[in-house]
$ cat protein21.csv   # CSV, C-alpha atoms
chain,number,residue,atom,x,y,z
A,1,MET,CA,-1.0,-24.3,-12.6
A,2,PRO,CA,-4.4,-24.3,-10.8
A,3,VAL,CA,-4.4,-20.5,-10.6
A,4,PHE,CA,-4.3,-20.3,-14.4
A,5,GLY,CA,-7.6,-21.9,-14.9
A,6,SER,CA,-9.1,-19.6,-12.3
A,7,VAL,CA,-7.7,-16.6,-14.1
A,8,LEU,CA,-9.2,-17.7,-17.4
A,9,GLY,CA,-12.7,-17.9,-16.1
A,10,SER,CA,-12.5,-14.9,-13.8
A,11,MET,CA,-11.0,-12.6,-16.4
A,12,ARG,CA,-13.8,-13.4,-18.8
A,13,GLY,CA,-16.3,-12.7,-16.1
A,14,ALA,CA,-14.5,-9.5,-15.0
A,15,ARG,CA,-14.5,-8.2,-18.6
A,16,ALA,CA,-18.2,-8.9,-18.9
A,17,LEU,CA,-18.8,-7.1,-15.5
A,18,TRP,CA,-17.0,-4.0,-16.5
A,19,ILE,CA,-18.7,-3.9,-19.9
A,20,LEU,CA,-22.2,-4.1,-18.4
A,21,ALA,CA,-21.6,-2.0,-15.2
A,22,PRO,CA,-21.8,1.4,-17.1
A,23,LEU,CA,-25.0,0.2,-18.8
A,24,ALA,CA,-26.6,-0.6,-15.4
A,25,ALA,CA,-26.2,3.0,-14.0
A,26,PRO,CA,-29.4,3.6,-12.2
A,27,GLY,CA,-30.0,7.1,-13.5
A,28,ALA,CA,-29.1,6.5,-17.2
A,29,PRO,CA,-31.9,4.1,-18.2
A,30,ALA,CA,-34.5,6.2,-16.3
A,31,GLY,CA,-33.2,9.4,-17.9
A,32,LEU,CA,-33.1,7.9,-21.4
A,33,LEU,CA,-36.5,6.2,-21.3
A,34,SER,CA,-38.2,9.3,-19.8
A,35,GLY,CA,-36.6,11.7,-22.3
A,36,ARG,CA,-35.2,13.8,-19.4
A,37,LEU,CA,-31.6,13.7,-20.4
A,38,GLY,CA,-32.0,16.0,-23.4
A,39,ILE,CA,-30.6,15.3,-26.9
A,40,VAL,CA,-27.0,16.3,-26.3
A,41,PRO,CA,-26.4,14.4,-23.1
A,42,ALA,CA,-28.3,11.4,-24.4
A,43,VAL,CA,-26.1,11.3,-27.6
A,44,VAL,CA,-22.9,11.6,-25.6
A,45,LEU,CA,-24.0,8.9,-23.1
A,46,LEU,CA,-25.0,6.5,-25.8
A,47,ALA,CA,-21.7,7.1,-27.7
A,48,ALA,CA,-19.7,6.5,-24.6
A,49,MET,CA,-21.6,3.3,-23.8
A,50,THR,CA,-21.1,2.0,-27.3
A,51,LEU,CA,-17.4,2.7,-27.3
A,52,VAL,CA,-16.9,1.0,-23.9
A,53,ALA,CA,-18.9,-2.1,-24.9
A,54,ALA,CA,-17.1,-2.4,-28.3
A,55,TRP,CA,-13.7,-2.1,-26.6
A,56,GLY,CA,-14.6,-4.6,-23.9
A,57,PHE,CA,-16.0,-7.2,-26.3
A,58,TRP,CA,-12.9,-6.8,-28.6
A,59,ARG,CA,-10.6,-7.3,-25.6
A,60,SER,CA,-12.5,-10.4,-24.4
A,61,ILE,CA,-12.0,-12.3,-27.7
A,62,PRO,CA,-8.5,-13.6,-26.9
A,63,TRP,CA,-9.7,-14.9,-23.5
A,64,LYS,CA,-12.6,-16.8,-25.0
A,65,ALA,CA,-10.4,-18.4,-27.7
A,66,LEU,CA,-7.6,-19.1,-25.2
A,67,THR,CA,-10.0,-20.8,-22.9
A,68,GLU,CA,-11.2,-23.1,-25.7
A,69,LEU,CA,-7.7,-23.9,-26.8
A,70,ALA,CA,-6.4,-24.6,-23.3
A,71,ARG,CA,-9.0,-27.3,-22.8
A,72,GLU,CA,-7.7,-29.2,-25.8
A,73,ALA,CA,-3.9,-28.8,-26.0
A,74,PRO,CA,-1.0,-28.2,-23.6
A,75,PHE,CA,1.3,-25.2,-23.7
A,76,VAL,CA,4.7,-25.8,-25.3
A,77,GLU,CA,7.8,-24.2,-23.9
A,78,MET,CA,10.2,-22.8,-26.6
A,79,SER,CA,13.6,-21.3,-26.2
A,80,LEU,CA,14.7,-18.9,-29.0
A,81,PRO,CA,18.2,-19.3,-30.5
A,82,PRO,CA,20.6,-16.5,-29.9
A,83,GLU,CA,20.1,-15.0,-33.4
A,84,GLY,CA,16.4,-15.9,-33.8
A,85,LEU,CA,14.6,-12.8,-32.5
A,86,PHE,CA,13.6,-9.8,-34.6
A,87,PHE,CA,11.8,-6.6,-33.8
A,88,ALA,CA,9.8,-4.4,-36.2
A,89,GLY,CA,8.2,-1.6,-34.2
A,90,ALA,CA,5.9,-3.2,-31.6
A,91,ASN,CA,5.9,-6.5,-33.4
A,92,VAL,CA,8.3,-9.4,-32.6
A,93,TYR,CA,9.2,-12.2,-34.9
A,94,PHE,CA,10.8,-15.6,-34.4
A,95,LYS,CA,10.8,-19.0,-36.1
A,96,LEU,CA,8.0,-21.3,-35.2
A,97,PRO,CA,8.9,-24.9,-34.2
A,98,ASP,CA,6.9,-26.3,-37.0
A,99,ALA,CA,9.1,-26.7,-40.0
A,100,ASP,CA,6.5,-25.5,-42.5
A,101,ALA,CA,4.9,-22.8,-40.3
A,102,GLY,CA,7.3,-20.0,-41.1
A,103,TRP,CA,7.7,-17.0,-38.7
A,104,ALA,CA,5.7,-16.1,-35.6
A,105,LYS,CA,4.4,-12.6,-35.3
A,106,ALA,CA,3.1,-11.1,-32.1
A,107,ARG,CA,2.5,-7.5,-31.0
A,108,LEU,CA,4.0,-6.9,-27.5
A,109,ARG,CA,4.2,-3.8,-25.3
A,110,GLU,CA,7.6,-2.3,-24.5
A,111,ALA,CA,7.9,-4.3,-21.3
A,112,GLY,CA,7.1,-7.6,-23.1
A,113,ARG,CA,9.7,-6.9,-25.8
A,114,LEU,CA,12.4,-6.1,-23.2
A,115,GLN,CA,11.6,-9.2,-21.2
A,116,LEU,CA,11.6,-11.4,-24.3
A,117,ARG,CA,14.9,-10.0,-25.5
A,118,ALA,CA,16.6,-10.9,-22.2
A,119,GLN,CA,14.9,-14.3,-21.5
A,120,ARG,CA,14.6,-15.6,-25.1
A,121,ARG,CA,11.9,-18.0,-23.8
A,122,VAL,CA,8.1,-18.2,-24.5
A,123,TRP,CA,5.1,-20.5,-24.0
A,124,LEU,CA,3.1,-21.3,-27.1
A,125,LEU,CA,-0.4,-22.6,-27.5
A,126,GLY,CA,-2.0,-23.8,-30.7
A,127,PRO,CA,-2.7,-23.8,-33.5
A,128,ASP,CA,-6.2,-25.2,-33.6
A,129,GLU,CA,-8.4,-26.0,-36.6
A,130,LYS,CA,-9.0,-22.2,-37.0
A,131,GLY,CA,-5.3,-21.5,-37.0
A,132,ARG,CA,-5.4,-19.6,-33.7
A,133,ARG,CA,-2.2,-19.4,-31.8
A,134,PHE,CA,-1.2,-17.7,-28.5
A,135,LEU,CA,2.0,-16.6,-26.8
A,136,GLN,CA,2.7,-16.0,-23.2
A,137,LEU,CA,5.8,-14.7,-21.5
A,138,PRO,CA,7.3,-16.5,-18.4
A,139,GLY,CA,5.6,-15.3,-15.2
A,140,VAL,CA,3.0,-13.2,-17.1
A,141,LEU,CA,-0.5,-14.5,-17.3
A,142,TRP,CA,-1.9,-12.3,-20.1
A,143,PRO,CA,-2.2,-13.9,-23.5
A,144,HIS,CA,-1.0,-12.4,-26.8
A,145,ARG,CA,-2.4,-13.4,-30.1
A,146,LEU,CA,0.2,-15.0,-32.5
A,147,LYS,CA,0.1,-15.1,-36.3
A,148,ALA,CA,2.1,-17.2,-38.6
A,149,VAL,CA,3.7,-15.3,-41.5
A,150,PRO,CA,5.8,-16.6,-44.3
A,151,ASP,CA,8.7,-14.1,-44.2
A,152,LEU,CA,10.2,-11.3,-42.1
A,153,PRO,CA,9.1,-7.8,-43.1
A,154,ASP,CA,11.5,-5.2,-44.5
A,155,GLY,CA,13.1,-3.3,-41.7
A,156,ALA,CA,13.0,-6.1,-39.0
A,157,VAL,CA,16.0,-5.7,-36.8
A,158,ARG,CA,17.7,-8.7,-35.2
A,159,GLN,CA,18.0,-8.5,-31.4
A,160,ASP,CA,21.3,-9.6,-29.9
A,161,PRO,CA,21.1,-11.4,-26.5
A,162,VAL,CA,21.5,-9.3,-23.4
A,163,GLU,CA,22.7,-10.4,-20.0
A,164,GLN,CA,19.8,-11.1,-17.6
A,165,ARG,CA,20.6,-10.3,-14.0
A,166,ILE,CA,18.8,-8.8,-11.0
A,167,LEU,CA,19.1,-5.0,-11.1
A,168,PRO,CA,17.8,-2.4,-8.5
A,169,PRO,CA,14.2,-1.4,-9.2
A,170,GLU,CA,15.2,2.0,-10.6
A,171,ALA,CA,17.5,0.3,-13.2
A,172,ASP,CA,15.1,-2.6,-14.1
A,173,GLU,CA,14.1,-1.6,-17.7
A,174,VAL,CA,11.3,-4.2,-17.8
A,175,LEU,CA,9.8,-3.1,-14.5
A,176,LEU,CA,10.0,0.6,-15.5
A,177,ALA,CA,8.4,0.0,-18.9
A,178,HIS,CA,5.6,-2.0,-17.3
A,179,ARG,CA,5.1,0.8,-14.8
A,180,ARG,CA,4.9,3.4,-17.5
A,181,TRP,CA,2.2,1.4,-19.3
A,182,ILE,CA,0.1,1.1,-16.1
A,183,VAL,CA,0.3,4.8,-15.3
A,184,ARG,CA,-0.6,5.8,-18.9
A,185,GLY,CA,-3.6,3.4,-18.8
A,186,ILE,CA,-4.9,4.8,-15.5
A,187,ARG,CA,-4.5,8.4,-16.6
A,188,SER,CA,-6.1,7.8,-20.0
A,189,LEU,CA,-9.1,6.1,-18.4
A,190,PHE,CA,-9.7,8.8,-15.9
A,191,GLY,CA,-9.1,11.5,-18.5
A,192,ALA,CA,-11.8,9.9,-20.7
A,193,VAL,CA,-14.2,9.6,-17.7
A,194,VAL,CA,-13.7,13.3,-16.8
A,195,VAL,CA,-14.3,14.4,-20.4
A,196,VAL,CA,-17.5,12.4,-20.7
A,197,LEU,CA,-18.8,13.9,-17.4
A,198,LEU,CA,-18.0,17.4,-18.5
A,199,LEU,CA,-19.8,16.9,-21.8
A,200,LEU,CA,-22.8,15.5,-20.1
A,201,GLY,CA,-22.9,18.2,-17.5
A,202,THR,CA,-22.5,20.9,-20.1
A,203,GLY,CA,-25.2,19.5,-22.2
A,204,GLN,CA,-27.6,19.2,-19.2
A,205,VAL,CA,-27.0,22.8,-18.2
A,206,VAL,CA,-28.0,23.8,-21.7
A,207,VAL,CA,-31.2,21.7,-21.5
A,208,PHE,CA,-32.0,23.1,-18.1
A,209,LEU,CA,-31.6,26.7,-19.3
A,210,GLU,CA,-34.0,26.0,-22.2
A,211,ASP,CA,-36.6,24.4,-19.9
A,212,PRO,CA,-36.1,25.0,-16.1
A,213,ALA,CA,-39.3,23.1,-15.3
A,214,ARG,CA,-38.0,19.8,-16.6
A,215,ASP,CA,-37.7,17.1,-13.9
A,216,SER,CA,-34.0,16.1,-13.5
A,217,PHE,CA,-34.2,13.4,-10.8
A,218,GLY,CA,-32.9,10.7,-13.2
A,219,ILE,CA,-30.0,13.0,-14.3
A,220,LEU,CA,-29.0,13.8,-10.7
A,221,LEU,CA,-29.1,10.1,-9.7
A,222,TRP,CA,-26.9,9.2,-12.7
A,223,LEU,CA,-24.4,12.0,-11.9
A,224,VAL,CA,-24.2,10.9,-8.3
A,225,TYR,CA,-23.6,7.3,-9.4
A,226,SER,CA,-20.9,8.4,-11.8
A,227,ILE,CA,-19.1,10.6,-9.3
A,228,VAL,CA,-19.2,7.7,-6.7
A,229,LEU,CA,-17.6,5.4,-9.3
A,230,VAL,CA,-14.9,7.9,-10.1
A,231,VAL,CA,-14.1,8.5,-6.5
A,232,LEU,CA,-13.9,4.7,-5.7
A,233,GLY,CA,-11.8,4.1,-8.8
A,234,ALA,CA,-9.5,7.0,-7.9
A,235,GLY,CA,-9.1,5.6,-4.4
A,236,ALA,CA,-8.2,2.1,-5.8
A,237,ALA,CA,-5.8,3.4,-8.5
A,238,LYS,CA,-4.0,6.3,-6.8
A,239,GLY,CA,-1.6,3.9,-5.0
A,240,MET,CA,-0.3,2.7,-8.4
A,241,LEU,CA,0.5,6.3,-9.4
A,242,LYS,CA,2.8,6.7,-6.5
A,243,PRO,CA,6.6,6.7,-7.3
A,244,LEU,CA,8.4,3.4,-7.0
A,245,PRO,CA,10.6,3.2,-3.9
A,246,ARG,CA,14.3,3.3,-4.5
A,247,GLY,CA,16.8,0.9,-3.1
A,248,LYS,CA,16.8,-2.8,-3.7
A,249,TRP,CA,14.6,-5.9,-4.1
A,250,THR,CA,13.9,-7.7,-0.9
A,251,GLU,CA,13.3,-11.4,-1.4
A,252,MET,CA,11.0,-13.0,1.2
A,253,VAL,CA,10.0,-16.6,1.6
A,254,ALA,CA,6.2,-16.8,1.2
A,255,VAL,CA,4.4,-20.1,1.7
A,256,PRO,CA,0.8,-19.8,0.5
A,257,HIS,CA,-2.0,-21.3,2.6
A,258,ALA,CA,-4.2,-21.9,-0.4
A,259,PRO,CA,-4.4,-21.1,-4.2
A,260,PRO,CA,-5.1,-17.4,-5.0
A,261,LEU,CA,-8.7,-16.3,-5.2
A,262,ILE,CA,-9.6,-14.3,-8.3
A,263,GLY,CA,-12.4,-11.8,-7.7
A,264,VAL,CA,-15.0,-10.5,-10.2
A,265,SER,CA,-12.8,-7.3,-10.6
A,266,GLY,CA,-10.0,-9.5,-12.0
A,267,LEU,CA,-7.8,-8.8,-9.0
A,268,SER,CA,-6.5,-11.5,-6.7
A,269,THR,CA,-6.2,-12.3,-3.0
A,270,ILE,CA,-3.7,-14.7,-1.5
A,271,THR,CA,-2.9,-15.6,2.1
A,272,CYS,CA,0.6,-16.8,3.0
A,273,ARG,CA,3.1,-17.2,5.7
A,274,VAL,CA,6.2,-15.0,5.2
A,275,GLN,CA,9.6,-15.0,6.8
A,276,TRP,CA,11.0,-11.6,7.8
A,277,GLY,CA,14.6,-10.6,7.8
A,278,ASN,CA,15.0,-11.3,11.5
A,279,GLY,CA,13.8,-14.9,11.1
A,280,TRP,CA,10.3,-14.4,12.4
A,281,TRP,CA,7.3,-15.8,10.6
A,282,SER,CA,3.9,-14.2,10.3
A,283,ASP,CA,0.7,-14.7,8.3
A,284,VAL,CA,-0.1,-12.0,5.8
A,285,VAL,CA,-3.1,-11.3,3.5
A,286,LEU,CA,-2.3,-9.8,0.1
A,287,SER,CA,-5.6,-8.5,-1.3
A,288,LYS,CA,-6.5,-6.8,-4.6
A,289,VAL,CA,-3.1,-7.6,-6.3
A,290,ASP,CA,-2.3,-8.4,-9.9
A,291,PRO,CA,-3.2,-12.1,-10.5
A,292,ALA,CA,0.2,-12.5,-12.2
A,293,LEU,CA,1.9,-11.5,-8.9
A,294,ALA,CA,-0.2,-13.9,-6.9
A,295,ALA,CA,0.5,-16.7,-9.4
A,296,ASN,CA,4.3,-16.1,-9.1
A,297,ILE,CA,4.0,-16.2,-5.3
A,298,TRP,CA,2.0,-19.5,-5.6
A,299,GLY,CA,4.5,-21.0,-8.0
A,300,THR,CA,7.8,-20.0,-6.5
A,301,HIS,CA,7.1,-19.4,-2.8
A,302,ARG,CA,8.9,-16.1,-3.1
A,303,LEU,CA,7.7,-12.6,-2.6
A,304,TRP,CA,9.9,-9.8,-4.2
A,305,VAL,CA,9.2,-6.5,-2.5
A,306,LEU,CA,10.6,-3.1,-3.7
A,307,GLY,CA,12.5,-1.6,-0.8
A,308,GLU,CA,12.5,-2.7,2.8
A,309,PRO,CA,9.1,-4.2,3.9
A,310,PHE,CA,7.7,-3.8,7.4
A,311,ARG,CA,4.5,-4.8,9.2
A,312,GLY,CA,1.6,-2.6,8.3
A,313,ALA,CA,3.3,-1.3,5.2
A,314,THR,CA,1.7,-0.8,1.8
A,315,THR,CA,4.3,-1.0,-0.9
A,316,PHE,CA,5.1,-2.3,-4.4
A,317,ALA,CA,5.9,-5.9,-5.2
A,318,GLY,CA,6.8,-7.6,-8.4
A,319,VAL,CA,9.3,-10.0,-10.0
A,320,PRO,CA,12.7,-8.8,-11.1
A,321,GLY,CA,13.0,-8.6,-14.9
A,322,HIS,CA,9.3,-9.5,-15.5
A,323,ALA,CA,6.3,-7.4,-16.5
A,324,VAL,CA,4.7,-8.0,-13.1
A,325,LEU,CA,3.9,-5.3,-10.6
A,326,GLY,CA,1.3,-4.8,-7.9
A,327,ARG,CA,0.6,-3.0,-4.6
A,328,VAL,CA,0.7,-5.2,-1.5
A,329,ARG,CA,-0.3,-4.4,2.1
A,330,PHE,CA,1.1,-6.5,4.9
A,331,ASN,CA,-2.2,-6.9,6.9

$ encode --input "protein21.csv" --output "structure tokens"
Amino acid sequence: MPVFGSVLGSMRGARALWILAPLAAPGAPAGLLSGRLGIVPAVVLLAAMTLVAAWGFWRSIPWKALTELAREAPFVEMSLPPEGLFFAGANVYFKLPDADAGWAKARLREAGRLQLRAQRRVWLLGPDEKGRRFLQLPGVLWPHRLKAVPDLPDGAVRQDPVEQRILPPEADEVLLAHRRWIVRGIRSLFGAVVVVLLLLGTGQVVVFLEDPARDSFGILLWLVYSIVLVVLGAGAAKGMLKPLPRGKWTEMVAVPHAPPLIGVSGLSTITCRVQWGNGWWSDVVLSKVDPALAANIWGTHRLWVLGEPFRGATTFAGVPGHAVLGRVRFN
């Protein structure tokens, strides 16, 4: 799919942006270079920057390897036999198609495990000369690293097939598990930011009490920059923290005008023509949505909305039974 190549390049760029953005805070370099931050705030700031950079570079490794592999080999669709799926904690195991490759091992979140258990279908990429392999679930763009292991571990539990059918949003286990992961991630991120700001503020108060004459322009500039980032991030994320609407899935025909555009933030924008329940058609712009949601709209010409959509509404959309969820506004 054309959108997939866009996502690969944009997500690598987005990860680099969010790794470097904290390092480019206007007050931080000035404060560090002039020595005005004080020892305690400087240590906290440097430690936070190091952790953010290390985490970002570690998370960017799969995207780099996946991009290189995708240029050389196609994805292979694989259906799992009814008795060919095993779970051991967060790890999933199934037989690889290569006769001598043994078992595949991948670490999936709860939503991914539930989706795989119901669908029993995956997309595989690799291996290359370095032995790198990747797995993707249907409808979900994010890659998972795959390892080949000779045998199943002790304690691996076979997963019996379950019936896959469209359920109301409040009963869709895959959707709810994916939603819990999103909420935990947002809360953890903002919790970490608040802790760092409190530590920096406390340390700077101590420094100021020791030397009231010290110029703190760089510190104030950095604090204002940080607070603005927190406020903007909270404004963008608070919608995802709202409770899911109850009721039903509403399936709408959505004919895209052009492939989705992936921004530097990693979020997507797609314009399409949708058909409402009364038969009328109108143009809508879905901005800042999950690229997986945009890719599903592009590939299926369907938009699944939670609850009853109406013009001017901002609500949730996803795909039943898939780890895909985003906020959409019918502009």

$ residues_around --input "protein21.csv" --residues "region 146-162 of chain A" --least-positions-apart "2" --cutoff "12 Å" --atoms "only C-alpha atoms" --output "MDAnalysis selection string"
chainID A and resid 62 66 80:108 113:127 130:136 143:144 164:165

$ write_last_selection --input "protein21.csv" --atoms "C-alpha atoms" --output "short mmCIF file (atom, residue, chain, number, x, y, z; two decimals), in the coordinates of the input"
data_model
loop_
_atom_site.label_atom_id
_atom_site.label_comp_id
_atom_site.auth_asym_id
_atom_site.auth_seq_id
_atom_site.Cartn_x
_atom_site.Cartn_y
_atom_site.Cartn_z
CA PRO A 62 -8.50 -13.60 -26.90
CA LEU A 66 -7.60 -19.10 -25.20
CA LEU A 80 14.70 -18.90 -29.00
CA PRO A 81 18.20 -19.30 -30.50
CA PRO A 82 20.60 -16.50 -29.90
CA GLU A 83 20.10 -15.00 -33.40
CA GLY A 84 16.40 -15.90 -33.80
CA LEU A 85 14.60 -12.80 -32.50
CA PHE A 86 13.60 -9.80 -34.60
CA PHE A 87 11.80 -6.60 -33.80
CA ALA A 88 9.80 -4.40 -36.20
CA GLY A 89 8.20 -1.60 -34.20
CA ALA A 90 5.90 -3.20 -31.60
CA ASN A 91 5.90 -6.50 -33.40
CA VAL A 92 8.30 -9.40 -32.60
CA TYR A 93 9.20 -12.20 -34.90
CA PHE A 94 10.80 -15.60 -34.40
CA LYS A 95 10.80 -19.00 -36.10
CA LEU A 96 8.00 -21.30 -35.20
CA PRO A 97 8.90 -24.90 -34.20
CA ASP A 98 6.90 -26.30 -37.00
CA ALA A 99 9.10 -26.70 -40.00
CA ASP A 100 6.50 -25.50 -42.50
CA ALA A 101 4.90 -22.80 -40.30
CA GLY A 102 7.30 -20.00 -41.10
CA TRP A 103 7.70 -17.00 -38.70
CA ALA A 104 5.70 -16.10 -35.60
CA LYS A 105 4.40 -12.60 -35.30
CA ALA A 106 3.10 -11.10 -32.10
CA ARG A 107 2.50 -7.50 -31.00
CA LEU A 108 4.00 -6.90 -27.50
CA ARG A 113 9.70 -6.90 -25.80
CA LEU A 114 12.40 -6.10 -23.20
CA GLN A 115 11.60 -9.20 -21.20
CA LEU A 116 11.60 -11.40 -24.30
CA ARG A 117 14.90 -10.00 -25.50
CA ALA A 118 16.60 -10.90 -22.20
CA GLN A 119 14.90 -14.30 -21.50
CA ARG A 120 14.60 -15.60 -25.10
CA ARG A 121 11.90 -18.00 -23.80
CA VAL A 122 8.10 -18.20 -24.50
CA TRP A 123 5.10 -20.50 -24.00
CA LEU A 124 3.10 -21.30 -27.10
CA LEU A 125 -0.40 -22.60 -27.50
CA GLY A 126 -2.00 -23.80 -30.70
CA PRO A 127 -2.70 -23.80 -33.50
CA LYS A 130 -9.00 -22.20 -37.00
CA GLY A 131 -5.30 -21.50 -37.00
CA ARG A 132 -5.40 -19.60 -33.70
CA ARG A 133 -2.20 -19.40 -31.80
CA PHE A 134 -1.20 -17.70 -28.50
CA LEU A 135 2.00 -16.60 -26.80
CA GLN A 136 2.70 -16.00 -23.20
CA PRO A 143 -2.20 -13.90 -23.50
CA HIS A 144 -1.00 -12.40 -26.80
CA GLN A 164 19.80 -11.10 -17.60
CA ARG A 165 20.60 -10.30 -14.00
#

$ residues_around --input "protein21.csv" --residues "Ile297 (chain A)" --least-positions-apart "6" --cutoff "8 Å" --atoms "only C-alpha atoms" --output "number ranges by chain"
A: 254, 256, 303

$ residues_around --input "protein21.csv" --residues "region 174-190 of chain A" --least-positions-apart "3" --cutoff "9 Å" --atoms "all atoms listed in the file" --output "PyMOL selection string"
chain A and resi 109-115+169-171+193-195+230+233-234+237-238+240-241+244+318-325

$ atom_distance --input "protein21.csv" --atom1 "CA of Arg302 (chain A)" --atom2 "CA of Met252 (chain A)"
5.7 Å

$ residues_around --input "protein21.csv" --residues "region 277-292 of chain A" --least-positions-apart "6" --cutoff "8 Å" --atoms "only C-alpha atoms" --output "PDB file with C-alpha atoms, in the frame of the given file"
ATOM      1  CA  VAL A   7      -7.700 -16.600 -14.100  1.00  0.00           C
ATOM      2  CA  GLY A 139       5.600 -15.300 -15.200  1.00  0.00           C
ATOM      3  CA  VAL A 140       3.000 -13.200 -17.100  1.00  0.00           C
ATOM      4  CA  LEU A 141      -0.500 -14.500 -17.300  1.00  0.00           C
ATOM      5  CA  MET A 252      11.000 -13.000   1.200  1.00  0.00           C
ATOM      6  CA  PRO A 260      -5.100 -17.400  -5.000  1.00  0.00           C
ATOM      7  CA  ILE A 262      -9.600 -14.300  -8.300  1.00  0.00           C
ATOM      8  CA  GLY A 266     -10.000  -9.500 -12.000  1.00  0.00           C
ATOM      9  CA  LEU A 267      -7.800  -8.800  -9.000  1.00  0.00           C
ATOM     10  CA  SER A 268      -6.500 -11.500  -6.700  1.00  0.00           C
ATOM     11  CA  THR A 269      -6.200 -12.300  -3.000  1.00  0.00           C
ATOM     12  CA  ILE A 270      -3.700 -14.700  -1.500  1.00  0.00           C
ATOM     13  CA  THR A 271      -2.900 -15.600   2.100  1.00  0.00           C
ATOM     14  CA  VAL A 324       4.700  -8.000 -13.100  1.00  0.00           C
ATOM     15  CA  LEU A 325       3.900  -5.300 -10.600  1.00  0.00           C
ATOM     16  CA  GLY A 326       1.300  -4.800  -7.900  1.00  0.00           C
ATOM     17  CA  ARG A 327       0.600  -3.000  -4.600  1.00  0.00           C
ATOM     18  CA  VAL A 328       0.700  -5.200  -1.500  1.00  0.00           C
ATOM     19  CA  ARG A 329      -0.300  -4.400   2.100  1.00  0.00           C
ATOM     20  CA  PHE A 330       1.100  -6.500   4.900  1.00  0.00           C
ATOM     21  CA  ASN A 331      -2.200  -6.900   6.900  1.00  0.00           C
TER      22      ASN A 331
END

$ atom_distance --input "protein21.csv" --atom1 "CA of Trp276 (chain A)" --atom2 "CA of Gly263 (chain A)"
28.1 Å

$ atom_distance --input "protein21.csv" --atom1 "CA of Val255 (chain A)" --atom2 "CA of Gly239 (chain A)"
25.6 Å

$ closest_residue --input "protein21.csv" --among "A:Ala47, A:Leu137, A:Leu167, A:Ala70" --to "Leu306 (chain A)" --atoms "all atoms listed in the file"
A:Leu167

$ closest_residue --input "protein21.csv" --among "A:Glu163, A:Val228, A:Pro74, A:Cys272" --to "His257 (chain A)" --atoms "all atoms listed in the file"
A:Cys272

$ residues_near_point --input "protein21.csv" --point "(-1.0, -18.9, -8.4)" --cutoff "6 Å" --atoms "only C-alpha atoms" --output "ChimeraX atom specification"
/A:3,259-260,294-295,298-299
